[in-house]
Amino acid sequence: MKLHSSLTLISMAVVVLLLSACTATVTPASPPSPQLQPAATEFRVGMVVVGPENDKGWNEAHVSGAKYVMEKMPNVKFDIVDKVNPGDRPNVKGAQVADDLIARGAKLVIFNSDDFKDDALEIAKKHPDVMVVHVSGDYAWPEGKNYKNQPNLINYMVKMEPGWMIAGCAAALETKAGRIGTVGPLINEETRRYAVASYLGARYCWEKYRQRDPKDLQFKVTWIGFWFNIPGVTLDPTKVADDFYNGGFDVVMNAIDTPEAAVQARKAADAGKAVKYHHYDHPSGCELSADLCIGVHSYNWGLGYLNIIKQVMESGKVSNNWIWAEADWKNWNNPDSSALLYTKGKALSDENSKLLDQFIAGLGDGSIDLWKGPLNFQDGTPFLKEGERATDVQIWYMPQLLEGMEGQSVPTN
Amino acid sequence: MAATSQPSHAAAPSAAVLPLSLVYRVGALVAALAFVGLLILVVGESPLSVLGALISGAFGTADQLGRVVNTLTVLLLCAAGLVFTFNAGLYNLGIEGQITVGAIATTLVLRLLGEALPAPLVIASGIGFGLLGGMGWGLLAGVLKVYGRVSEIFAGLGLNFVAQGLAIYLIFGPWKRPGVASTSGTEPFPESLWLGTFGRTEATPVGVVLALAALALTIVVMRRTYFGLRLRAVGLNLRAAHVLGIPATRQLLAAFALCGALAGVGGALQVVGNFHRLIPTISGGLGFLGLLVVMLVNFNPWFVLPVALFFSALNVGSLQLPLVLRNVDSTLSGVIQGTLVLSALIGRGLDQRRSRA
Amino acid sequence: MDVELIHIHKHFGEVHANDDVCVRFRSGTIHGLLGENGAGKSTLVKILSGYITHDSGDIALDGKLVSIQTPTDAIRHGIGMLHQDPLDFPSLTVLENFMAGGGGLWLHRREARRRLCEIASSLNFSLDPDAHVSELTVGERQQLEIVRLLALGVQVLILDEPTTGISAVQKEQLFAALRQLAADGRTIIFVSHKLEDVEALCDEVTVMRQGRVVGSAAIPCSPAQLVEMMFGKPLAPPIKPPTAREEIALELREALIRTNTFDLHVPHLAVRCGEVLGLAGLEGSGQQEFLAACSGLIPLRHGSLRLNGREMAHRPYHSFMRAGVCYLPADRLRDGLIGGLTIREHVALRAPTRSFFLDEPLNARLTMEAIRVFNIRGQPNTRVERLSGGNQQRTQLALMPNPLSVICMEHPTRGLDIESALWIWQLLIARCQQGTAILFASSDLDEITAYSDRVLVFSGGRVSEPLDAHRLTADVLGHMIGGKF
């Protein structure tokens with residue numbers, strides 16, 4: 001048998017060689033080849049996307065941002081590689097994908113996940129002439145804890161905390177039982193500060209607009225362990241949402257990438273329970289179980305991308321490598337000026353809608369500042385003294401949940 | 001006497017047998033390629049442009065070539081190890097776990113020794129421990145098989161699961177990055193602990209040397225030593241080998257240990273030469289890919305190198321597909337691999353059926 | 001129902017498995033079909049039950065010609081067969097198996113359960129309808145299969161070697177049930193190679209040998225007559241020169257050897273150096289296990305085994321090998337040689353060397369020598385599975401170390417031409433002259449009487465005292481093989 005298989009292999013090798021010989025002559029005629037130089041006016045941007053480009057969430061929001069830029073600037077071309085994660089593409093590193101994108105002419109590379117921080121730094125070091133944008137990292141933040149002095153590395157993040165405060169406020173306005181549950185992803189600094197922000201918003205509106213004692217507000221976070229359900233590894237978000245709805249929590253806030261909270265809300269409502277949910281990340285999230293959706297806060301990445309690309313095209317650099325973009329409080333919800341968008345859902349009553357507008361206006365003009373002491377951490381130690389205001393560093397590296405919140409502050413390991 | 005280094009020294013089959021056999025094998029292969037080509041046509045691309053994109057994606061730039069070489073080194077180590085287990089009649093599906101444990105052992109050594117010793121010494125002991133870790137994990141599968149009477153397929157898959165769990169536990173637990181544990185793995189090692197590379201590419205000379213040495217060793221052991229001969233005997237007929245007085249248990253355990261050791265070195269290279277840290281999926285599926293390679297070459301070590309190179313190039317080159325072509329995703333490489341192996345197995349099956357009839 | 005097989009022919013390639021077979025099975029009788037392994041009796045009943053199609057010949061039921069192409073045809077004509085290993089679905093329950101193969105689209109569990117219990121109790125079988133078949137013994141699975149066939153309306157019941165692997169109690173139950181079925185007017189065809197079963201159960205017997213019917217008889221009849229029919233002519237005279245010496249090579253005391261179905265007890269046996277001990281008996285009577293135990297491949301359950309005076313019981317196989325024991329199995333490609341390896345690679349595996357690298361010049365020299373001395377028709381690089389049976393046996397012999405104290409062989413010349421057989425025995429006798437003791441099992445009684453110094457007869461789970469081969473007669477041997485000693 002061995003002889004036969006050897007012959008097979010030889011013949012296979014011959015076939016492959018023949019085929020490659022054919023294409024060797026065909027290649028020049030075949031469409032875009034990586035060595036092709038881009039047109040002089042064209043500016044190529046590479047984007048390394050961690051998840052699928054059509055996930056109706058985090059990743060799709062970034063791809064929409066790229067499309068926004070291409071609409072505004074026709075001479076900018078994006079090369080996008082999605083699903084760059086070890087599950088979908090084993091043995092492929094973000095840095096390798098970026099290398100390929102740069103070889104195809106990219107002058108700027110965007111990494112869209114915290115998980116790419118090492119890759120982003122590696123690529124920035126390896127290609128000093130290419131600008132590298134890492135979304136959600138902190139290596140380019142001089143005040144931050146992990147600053148790496150790398151001139152061509154940019155950190156870009158949208159300041160979503162006010163969005164979470166608005167979400168929390170809306171939830172507090174709508175809860176009848178005074179019990180709000182959050183389906184949370186994994187526990188890290190980013191997710192902790194988001195949870196804290198939503199609690200601060202909820203507590204404020206509960207106290208100020210509903211005139212209730214904060215002690216009567218139950219605010220619980222259940223972390224499933226990742227951004228989406230991985231059977232056997234994470235908690236099942238469907239079950240977590242069900243437990244909330246069945247356990248008397250009448251408003252559930254979704255903080256993960258997938259819409260189990262919305263789906264289970266529909267089931268609970270069909271079973272006669274008066275429940276509502278609040279969504280996150282992508283405006284279309286409110287279309288599921290639309291009549292039960294209180295609202296959704298989402299990112300507008302295109303704006304920041306446009307800004308960065310313009311600067312890089314003009315001067316080869318950006319004025320500030322650390323970008324924590326804010327909402328445009330004056331032109332609320334304008335996609336051409338606000339990095340943060342909020343869409344109200346059908347389940348938000350007209351009366352509460354007005355209160356929410358009031359809250360947003362207060363956040364915008366600074367009359368409502370929730371990052372102010374006194375605030376204690378969950379373990380009772382002080383976070384902010386009376387009158388003290390939290391710095392960006394304190395907010396970014398949020399070490400714990402706050403007093404009054406239920407849920408884990410640190411992963412059990 | 002005739003040199004034994006010939007891939008096959010069977011009695012020459014009669015002239016009538018040879019072409020028919022070839023027809024089956026080549027026919028299966030052509031059918032596989034035709035199938036893939038048709039698939040590409042159906043989604044609206046030209047097979048030639050796909051092939052062009054694959055080739056330019058694998059060999060277009062020095063970086064890409066470097067990546068092909070890096071993938072190849074680990075794949076070769078795994079495939080070389082699997083030649084031993086396959087020849088001993090074992091389906092070592094636990095190879096992924098053996099890579100993982102090798103990588104964990106290497107990470108452990110690098111973390112412990114870190115700056116304490118000169119970097120080359122740390123790297124060398126890291127690779128050495130990777131070898132021992134993989135070997136231990138392989139032997140564990142062997143012990144379960146030989147003494148526990150657990151099929152090596154299930155033992156291996158179970159141990160893969162355990163190794164993967166161990167890696168995830170370490171990354172999210174004791175070895176988590178300062179601040180935030182992350183699926184991106186442990187904190188990267190300082191560059192002094194990275195293996196040197198060819199120029200600015202990722203390919204490491206040490207990896208290449210180790211992989212080629214492992215392959216050469218495999219060929220020599222399988223073709224030139226009593227150990228290799230006994231291994232084949234055990235693999236072909238365990239019962240008769242026992243009757244002929246070959247200590248089958250020892251041979252089986254040795255095959256597991258050797259395969260685990262080489263896979264462990266592969267895992268070590270993933271850490272010191274490729275990822276520079278421990279990540280949850282450190283094996284990158286290269287162990288399973290190695291299984292495909294060795295099955296495709298019918299366990300014959302002489303053909304491991306070209307087929308492994310082909311698969312490495314396919315893997316790396318396919319990354320380019322979605323960038324160059326609108327309608328083809330990089331997962332096409334998986335389809336090509338699967339189709340090739342399936343067709344090779346079908347071809348072999350048809351041929352054996354025919355020669356038995 | 002009377003069944004008549006008329007001039008049945010069946011070829012498998014070169015082998016004429018059924019050669020002009022004519023038999024008549026009368027209704028209301030139990031008819032034994034007796035013969036050695038490979039005599040063609042299984043082929044014949046498989047033709048009758050539709051599992052094999054015959055090349056030519058006719059089948060008549062109650063005088064009417066019928067065509068049976070498939071098992072379904074056979075069942076429709078009222079013919080059912082109980083296989084050696086019952087064809088059932090181990091994961092299903094007794095009841096579900098009983099219902100499988102029944103007609104109709106719908107399953108009527110309650111009705112089926114009633115039928116099952118009714119038939120089973122009429123035959124004194126106790127079957128739990130809800131037990132899983134995987135938990136049943138072979139005997140219980142047979143009972144289930146019989147009940148199922150009867151429920152299908154079978155009038156002719158064929159049983160292929162039904163007494164292999166069942167307990168004595170179950171055998172009694174089976175025989176009682178078969179007698180009752182025959183008394184009810186059914187035709188029972190009982191295929192066996194066991195004389196004592198045929199004698200105990202059957203009304204008449206037909207003996208087959210080498211694909212032909214060689215005779216039939218009404219029971220009771222003399223076992224010697226049956227033995228002669230089964231094995232052919234009177235026994236061959238001894239032709240081996242005396243080679244036995246005084247010293248004892250192998251000695252067993254109070255040895256108990258486990259087989260699949262029984263424990264074989266050997267009170268005392270001493271085999272002298274240079275002696276040839278033939279093991280006679282129908283196949284599956286324990287000879288194989290006896291040889292495996294003597295060569296250390298399976299352990300004694302208890303008792304003592306001495307090789308050249310040294311106690312070897314419970315020592316591992318390789319200690320036996322080192323003590324000079326060599327085992328040559330009957331199924332060469334399964335147990336003795338490694339298909340896929342060449343003659344030279346086999347020689348290398350046995351080469352007396354401790355070096356790590358293959359010593360190719362040495363192996364080449366040893367291989368050429370083996371091919372020349374043992375007259376193997378093949379090249380050093382020929383794979384053993386491509387060799388003919390005779391040349392495989394020559395290769396096995398060539399691989400035997402030298403010197404040896406004991407050789408344990410199964411069927412030394414099975415499947416070989418006369419010339420090869422003679423040559424192999426010359427070689428073995430030469431070994432005896434060097435002092436090697438040989439224990440061999442054979443189904444060829446001529447071979448036993450021609451080459452043995454003494455003979456052990458295996459029958460019915462027992463082994464006889466050693467008999468002097470020179471004083472052996474066909475009658476004595478036939479009785480003993482039939483279990484009378």
# chains A, B, ... in the order shown; residues from 1 in each chain; ligands from 1
call {"tool": "interface_residues", "arguments": {"of": "chain B", "to": "chain A", "cutoff": "8 Å", "atoms": "only C-alpha atoms", "output": "MDAnalysis selection string"}}
result
chainID B and resid 7:8 10 18 21:22 25:26 29 48:49 51:53 55:56 60:61 63:64 169 172:174 180:184 188 275 281:286 297:298 300 303 319:320 322:324 348 352
call {"tool": "interface_residues", "arguments": {"of": "chain C", "to": "chain B", "cutoff": "7 Å", "atoms": "only C-alpha atoms", "output": "PyMOL selection string"}}
result
chain C and resi 318+334-340+349+356-358+364+381-383
call {"tool": "residues_around", "arguments": {"residues": "Ala430 of chain C", "least_positions_apart": "2", "cutoff": "12 Å", "atoms": "only C-alpha atoms", "output": "list in words"}}
result
Lys240, Pro241, Pro242, Thr243, Gly274, Glu275, Val276, Asn402, Pro403, Leu404, Trp423, Ile424, Trp425, Gln426, Leu427, Leu428, Cys432, Gln433, Gln434, Gly435, Thr436, Ala437 and Ile438 of chain C
call {"tool": "write_last_selection", "arguments": {"atoms": "N, CA and C atoms", "output": "PDB file, in the first residue's frame"}}
result
ATOM      1  N   LYS C 240       7.583 -41.892  12.211  1.00  0.00           N
ATOM      2  CA  LYS C 240       8.648 -41.113  12.840  1.00  0.00           C
ATOM      3  C   LYS C 240       9.617 -42.064  13.550  1.00  0.00           C
ATOM      4  N   PRO C 241      10.909 -41.836  13.366  1.00  0.00           N
ATOM      5  CA  PRO C 241      11.889 -42.628  14.107  1.00  0.00           C
ATOM      6  C   PRO C 241      11.853 -42.236  15.576  1.00  0.00           C
ATOM      7  N   PRO C 242      12.279 -43.148  16.470  1.00  0.00           N
ATOM      8  CA  PRO C 242      12.273 -42.791  17.887  1.00  0.00           C
ATOM      9  C   PRO C 242      13.349 -41.750  18.172  1.00  0.00           C
ATOM     10  N   THR C 243      12.941 -40.645  18.828  1.00  0.00           N
ATOM     11  CA  THR C 243      13.901 -39.593  19.132  1.00  0.00           C
ATOM     12  C   THR C 243      13.858 -39.204  20.593  1.00  0.00           C
ATOM     13  N   GLY C 274      12.953 -34.331  22.970  1.00  0.00           N
ATOM     14  CA  GLY C 274      12.970 -35.052  21.703  1.00  0.00           C
ATOM     15  C   GLY C 274      11.678 -35.784  21.404  1.00  0.00           C
ATOM     16  N   GLU C 275      10.734 -35.725  22.326  1.00  0.00           N
ATOM     17  CA  GLU C 275       9.487 -36.456  22.121  1.00  0.00           C
ATOM     18  C   GLU C 275       8.491 -35.606  21.328  1.00  0.00           C
ATOM     19  N   VAL C 276       7.632 -36.282  20.548  1.00  0.00           N
ATOM     20  CA  VAL C 276       6.555 -35.574  19.859  1.00  0.00           C
ATOM     21  C   VAL C 276       5.230 -36.012  20.466  1.00  0.00           C
ATOM     22  N   ASN C 402      17.127 -21.245  17.444  1.00  0.00           N
ATOM     23  CA  ASN C 402      17.790 -22.536  17.536  1.00  0.00           C
ATOM     24  C   ASN C 402      18.905 -22.396  18.566  1.00  0.00           C
ATOM     25  N   PRO C 403      19.030 -23.213  19.570  1.00  0.00           N
ATOM     26  CA  PRO C 403      18.197 -24.380  19.884  1.00  0.00           C
ATOM     27  C   PRO C 403      16.943 -23.993  20.636  1.00  0.00           C
ATOM     28  N   LEU C 404      16.024 -24.985  20.704  1.00  0.00           N
ATOM     29  CA  LEU C 404      14.789 -24.795  21.449  1.00  0.00           C
ATOM     30  C   LEU C 404      14.567 -26.004  22.330  1.00  0.00           C
ATOM     31  N   TRP C 423       8.212 -32.185   3.928  1.00  0.00           N
ATOM     32  CA  TRP C 423       9.457 -31.461   4.141  1.00  0.00           C
ATOM     33  C   TRP C 423       9.476 -30.824   5.520  1.00  0.00           C
ATOM     34  N   ILE C 424       8.317 -30.275   5.901  1.00  0.00           N
ATOM     35  CA  ILE C 424       8.249 -29.622   7.207  1.00  0.00           C
ATOM     36  C   ILE C 424       8.452 -30.633   8.317  1.00  0.00           C
ATOM     37  N   TRP C 425       7.883 -31.828   8.170  1.00  0.00           N
ATOM     38  CA  TRP C 425       8.065 -32.831   9.218  1.00  0.00           C
ATOM     39  C   TRP C 425       9.499 -33.334   9.284  1.00  0.00           C
ATOM     40  N   GLN C 426      10.151 -33.414   8.123  1.00  0.00           N
ATOM     41  CA  GLN C 426      11.578 -33.772   8.150  1.00  0.00           C
ATOM     42  C   GLN C 426      12.342 -32.807   9.041  1.00  0.00           C
ATOM     43  N   LEU C 427      12.039 -31.536   8.826  1.00  0.00           N
ATOM     44  CA  LEU C 427      12.704 -30.485   9.567  1.00  0.00           C
ATOM     45  C   LEU C 427      12.411 -30.592  11.054  1.00  0.00           C
ATOM     46  N   LEU C 428      11.125 -30.856  11.372  1.00  0.00           N
ATOM     47  CA  LEU C 428      10.751 -30.937  12.782  1.00  0.00           C
ATOM     48  C   LEU C 428      11.405 -32.142  13.440  1.00  0.00           C
ATOM     49  N   CYS C 432      13.791 -32.650  16.726  1.00  0.00           N
ATOM     50  CA  CYS C 432      13.621 -33.613  17.807  1.00  0.00           C
ATOM     51  C   CYS C 432      14.919 -34.354  18.070  1.00  0.00           C
ATOM     52  N   GLN C 433      15.619 -34.652  16.980  1.00  0.00           N
ATOM     53  CA  GLN C 433      16.871 -35.373  17.153  1.00  0.00           C
ATOM     54  C   GLN C 433      17.888 -34.528  17.932  1.00  0.00           C
ATOM     55  N   GLN C 434      17.721 -33.192  17.848  1.00  0.00           N
ATOM     56  CA  GLN C 434      18.580 -32.324  18.659  1.00  0.00           C
ATOM     57  C   GLN C 434      18.098 -32.242  20.104  1.00  0.00           C
ATOM     58  N   GLY C 435      16.909 -32.832  20.384  1.00  0.00           N
ATOM     59  CA  GLY C 435      16.432 -32.843  21.759  1.00  0.00           C
ATOM     60  C   GLY C 435      15.243 -31.953  22.018  1.00  0.00           C
ATOM     61  N   THR C 436      14.698 -31.341  20.997  1.00  0.00           N
ATOM     62  CA  THR C 436      13.536 -30.469  21.189  1.00  0.00           C
ATOM     63  C   THR C 436      12.272 -31.316  21.310  1.00  0.00           C
ATOM     64  N   ALA C 437      11.458 -30.984  22.296  1.00  0.00           N
ATOM     65  CA  ALA C 437      10.154 -31.641  22.411  1.00  0.00           C
ATOM     66  C   ALA C 437       9.146 -30.860  21.583  1.00  0.00           C
ATOM     67  N   ILE C 438       8.237 -31.595  20.917  1.00  0.00           N
ATOM     68  CA  ILE C 438       7.229 -30.925  20.098  1.00  0.00           C
ATOM     69  C   ILE C 438       5.848 -31.333  20.575  1.00  0.00           C
TER      70      ILE C 438
END
call {"tool": "closest_residue", "arguments": {"among": "C:His83, C:Ile219, C:Leu341, C:Met230", "to": "chain A", "atoms": "only C-alpha atoms"}}
result
C:Leu341
call {"tool": "closest_residue", "arguments": {"among": "C:Pro352, C:Gly32, C:Gly281, C:Pro223", "to": "Ile158 of chain C", "atoms": "only C-alpha atoms"}}
result
C:Gly32
call {"tool": "atom_distance", "arguments": {"atom1": "atom CA of Pro71 of chain C", "atom2": "atom CA of Val213 of chain C"}}
result
24.1 Å
call {"tool": "closest_residue", "arguments": {"among": "B:Val208, B:Val43, B:Thr106, B:Gly57", "to": "Gly128 of chain B", "atoms": "only C-alpha atoms"}}
result
B:Thr106
call {"tool": "atom_distance", "arguments": {"atom1": "atom CA of Asp291 of chain A", "atom2": "atom CA of Lys215 of chain A"}}
result
29.6 Å
call {"tool": "atom_distance", "arguments": {"atom1": "atom CA of Glu204 of chain C", "atom2": "atom CA of Gly185 of chain C"}}
result
15.4 Å
call {"tool": "select_by_dssp", "arguments": {"residues": "segment 102-314 of chain A", "states": "strand (DSSP E)", "output": "CSV table (one decimal) with N, CA and C atoms, in the first residue's frame"}}
result
chain,number,residue,atom,x,y,z
A,106,ALA,N,-1.7,49.7,3.8
A,106,ALA,CA,-2.3,50.4,4.8
A,106,ALA,C,-1.3,51.4,5.5
A,107,LYS,N,-1.8,52.6,5.7
A,107,LYS,CA,-0.9,53.6,6.4
A,107,LYS,C,-1.4,53.8,7.8
A,108,LEU,N,-2.6,53.2,8.1
A,108,LEU,CA,-3.1,53.3,9.4
A,108,LEU,C,-3.9,52.0,9.7
A,109,VAL,N,-3.6,51.5,10.9
A,109,VAL,CA,-4.3,50.2,11.2
A,109,VAL,C,-5.1,50.4,12.5
A,110,ILE,N,-6.3,49.9,12.5
A,110,ILE,CA,-7.2,50.0,13.6
A,110,ILE,C,-7.4,48.6,14.2
A,111,PHE,N,-7.2,48.4,15.5
A,111,PHE,CA,-7.5,47.2,16.2
A,111,PHE,C,-8.7,47.5,17.1
A,131,MET,N,0.5,54.5,11.4
A,131,MET,CA,-0.2,54.9,12.7
A,131,MET,C,-1.1,53.7,13.1
A,132,VAL,N,-1.0,53.4,14.4
A,132,VAL,CA,-1.8,52.2,14.9
A,132,VAL,C,-2.8,52.8,15.9
A,133,VAL,N,-4.1,52.5,15.6
A,133,VAL,CA,-5.1,52.9,16.5
A,133,VAL,C,-5.6,51.7,17.3
A,134,HIS,N,-5.5,51.7,18.6
A,134,HIS,CA,-6.0,50.6,19.4
A,134,HIS,C,-7.3,51.1,20.2
A,135,VAL,N,-8.4,50.5,19.9
A,135,VAL,CA,-9.6,50.9,20.6
A,135,VAL,C,-9.7,50.2,21.9
A,153,LEU,N,1.4,55.0,18.3
A,153,LEU,CA,0.3,54.2,18.9
A,153,LEU,C,-0.8,55.2,19.5
A,154,ILE,N,-2.0,55.1,19.0
A,154,ILE,CA,-3.1,55.9,19.4
A,154,ILE,C,-4.1,55.0,20.2
A,155,ASN,N,-4.6,55.5,21.3
A,155,ASN,CA,-5.7,54.8,21.9
A,155,ASN,C,-7.0,55.7,21.7
A,156,TYR,N,-8.0,55.0,21.3
A,156,TYR,CA,-9.3,55.7,21.0
A,156,TYR,C,-10.4,55.0,21.7
A,157,MET,N,-11.2,55.7,22.5
A,157,MET,CA,-12.3,55.1,23.2
A,157,MET,C,-13.4,56.1,23.3
A,158,VAL,N,-14.6,55.7,23.2
A,158,VAL,CA,-15.7,56.6,23.4
A,158,VAL,C,-16.1,56.6,24.9
A,179,ARG,N,-36.3,46.9,41.4
A,179,ARG,CA,-35.3,45.8,41.3
A,179,ARG,C,-34.8,45.8,39.9
A,180,ILE,N,-33.5,46.1,39.7
A,180,ILE,CA,-32.9,46.2,38.4
A,180,ILE,C,-31.8,45.1,38.3
A,181,GLY,N,-31.8,44.3,37.3
A,181,GLY,CA,-30.8,43.3,37.1
A,181,GLY,C,-29.9,43.6,35.9
A,182,THR,N,-28.6,43.3,36.0
A,182,THR,CA,-27.8,43.5,34.8
A,182,THR,C,-27.1,42.2,34.4
A,183,VAL,N,-27.3,41.8,33.1
A,183,VAL,CA,-26.6,40.7,32.6
A,183,VAL,C,-25.2,41.2,32.1
A,184,GLY,N,-24.2,40.9,32.9
A,184,GLY,CA,-22.9,41.5,32.7
A,184,GLY,C,-21.9,40.5,32.0
A,218,GLN,N,-32.9,47.8,44.6
A,218,GLN,CA,-32.0,46.7,44.5
A,218,GLN,C,-31.4,46.7,43.1
A,219,PHE,N,-30.0,46.7,43.1
A,219,PHE,CA,-29.3,46.8,41.8
A,219,PHE,C,-28.3,45.7,41.8
A,220,LYS,N,-28.5,44.7,40.9
A,220,LYS,CA,-27.7,43.5,41.0
A,220,LYS,C,-27.1,43.2,39.6
A,221,VAL,N,-25.8,42.9,39.6
A,221,VAL,CA,-25.1,42.5,38.4
A,221,VAL,C,-24.7,41.0,38.5
A,222,THR,N,-25.1,40.3,37.4
A,222,THR,CA,-24.6,38.9,37.3
A,222,THR,C,-23.6,38.8,36.1
A,223,TRP,N,-22.4,38.5,36.4
A,223,TRP,CA,-21.4,38.4,35.3
A,223,TRP,C,-21.5,37.0,34.7
A,251,VAL,N,-36.9,45.0,35.6
A,251,VAL,CA,-36.1,45.6,34.5
A,251,VAL,C,-34.7,44.9,34.5
A,252,VAL,N,-34.3,44.5,33.3
A,252,VAL,CA,-33.0,43.9,33.1
A,252,VAL,C,-32.2,44.7,32.1
A,253,MET,N,-31.0,45.1,32.5
A,253,MET,CA,-30.1,45.8,31.6
A,253,MET,C,-29.2,44.8,31.0
A,254,ASN,N,-29.1,44.9,29.7
A,254,ASN,CA,-28.1,44.0,29.0
A,254,ASN,C,-26.8,44.7,28.8
A,276,LYS,N,-39.4,44.7,31.5
A,276,LYS,CA,-38.9,45.5,30.4
A,276,LYS,C,-37.4,45.3,30.4
A,277,TYR,N,-36.7,45.7,29.3
A,277,TYR,CA,-35.3,45.5,29.3
A,277,TYR,C,-34.6,46.8,28.7
A,278,HIS,N,-33.4,46.9,29.0
A,278,HIS,CA,-32.6,48.0,28.4
A,278,HIS,C,-31.4,47.4,27.6
A,279,HIS,N,-31.2,47.9,26.4
A,279,HIS,CA,-30.2,47.3,25.5
A,279,HIS,C,-28.9,48.1,25.5
A,280,TYR,N,-27.9,47.6,24.7
A,280,TYR,CA,-26.6,48.2,24.7
A,280,TYR,C,-25.9,48.0,23.4
A,281,ASP,N,-25.1,48.9,22.9
A,281,ASP,CA,-24.2,48.6,21.9
A,281,ASP,C,-24.6,48.9,20.4
A,293,CYS,N,-38.7,47.4,25.1
A,293,CYS,CA,-37.4,48.0,25.2
A,293,CYS,C,-37.5,49.5,25.7
A,294,ILE,N,-36.7,49.7,26.8
A,294,ILE,CA,-36.7,51.0,27.4
A,294,ILE,C,-35.8,52.0,26.5
A,295,GLY,N,-34.7,51.5,26.1
A,295,GLY,CA,-33.8,52.3,25.3
A,295,GLY,C,-32.5,51.6,25.0
A,296,VAL,N,-31.7,52.2,24.2
A,296,VAL,CA,-30.4,51.6,23.9
A,296,VAL,C,-29.3,52.7,23.7
A,297,HIS,N,-28.2,52.6,24.4
A,297,HIS,CA,-27.1,53.5,24.2
A,297,HIS,C,-26.0,52.8,23.3
A,298,SER,N,-25.5,53.6,22.4
A,298,SER,CA,-24.6,52.9,21.5
A,298,SER,C,-23.4,53.9,21.1
A,299,TYR,N,-22.4,53.2,20.5
A,299,TYR,CA,-21.2,54.0,20.1
A,299,TYR,C,-21.3,54.5,18.7
call {"tool": "residues_around", "arguments": {"residues": "segment 225-228 of chain C", "least_positions_apart": "2", "cutoff": "12 Å", "atoms": "only C-alpha atoms", "output": "ChimeraX atom specification"}}
result
/C:32-36,193-196,198-199,204-209,214-223,230-235,281-282,443-446,473-483
call {"tool": "select_by_dssp", "arguments": {"residues": "segment 120-283 of chain B", "states": "alpha helix (DSSP H)", "output": "MDAnalysis selection string"}}
result
chainID B and resid 120:146 152:172 205:224 226:236 238:243 248:269
call {"tool": "residues_around", "arguments": {"residues": "Tyr91 of chain B", "least_positions_apart": "2", "cutoff": "8 Å", "atoms": "only C-alpha atoms", "output": "list in words"}}
result
Thr85, Phe86, Gly89, Leu93, Glu152 and Ile153 of chain B
call {"tool": "residues_around", "arguments": {"residues": "Phe43 of chain A", "least_positions_apart": "5", "cutoff": "12 Å", "atoms": "only C-alpha atoms", "output": "list of chain:residue names"}}
result
A:Gln37, A:Pro38, A:Val69, A:Met70, A:Met73, A:Pro74, A:Asn75, A:Val76, A:Lys77, A:Phe78, A:Asp79, A:Ile102, A:Arg104, A:Gly105, A:Ala106, A:Lys107, A:Leu108, A:Val109, A:Val130, A:Ile309, A:Lys310, A:Val312, A:Met313, A:Glu314, A:Gly316
call {"tool": "write_last_selection", "arguments": {"atoms": "C-alpha atoms", "output": "short mmCIF file (atom, residue, chain, number, x, y, z; two decimals), in the first residue's frame"}}
result
data_model
loop_
_atom_site.label_atom_id
_atom_site.label_comp_id
_atom_site.auth_asym_id
_atom_site.auth_seq_id
_atom_site.Cartn_x
_atom_site.Cartn_y
_atom_site.Cartn_z
CA GLN A 37 0.60 50.08 -5.24
CA PRO A 38 -2.42 52.13 -4.24
CA VAL A 69 -15.55 57.40 6.90
CA MET A 70 -15.55 56.07 3.34
CA MET A 73 -13.87 60.72 2.32
CA PRO A 74 -14.09 58.82 -0.96
CA ASN A 75 -10.30 58.54 -1.29
CA VAL A 76 -10.06 56.51 1.92
CA LYS A 77 -10.24 52.76 1.45
CA PHE A 78 -10.70 50.28 4.30
CA ASP A 79 -9.43 46.70 4.24
CA ILE A 102 0.31 47.02 5.89
CA ARG A 104 -1.24 45.81 1.08
CA GLY A 105 -0.55 49.50 1.60
CA ALA A 106 -2.32 50.42 4.82
CA LYS A 107 -0.93 53.62 6.35
CA LEU A 108 -3.13 53.33 9.41
CA VAL A 109 -4.28 50.20 11.21
CA VAL A 130 2.32 53.40 10.20
CA ILE A 309 -7.70 59.78 9.63
CA LYS A 310 -8.01 63.42 8.63
CA VAL A 312 -2.98 61.60 9.93
CA MET A 313 -3.49 62.40 6.24
CA GLU A 314 -2.66 66.03 6.84
CA GLY A 316 1.18 62.17 9.56
#
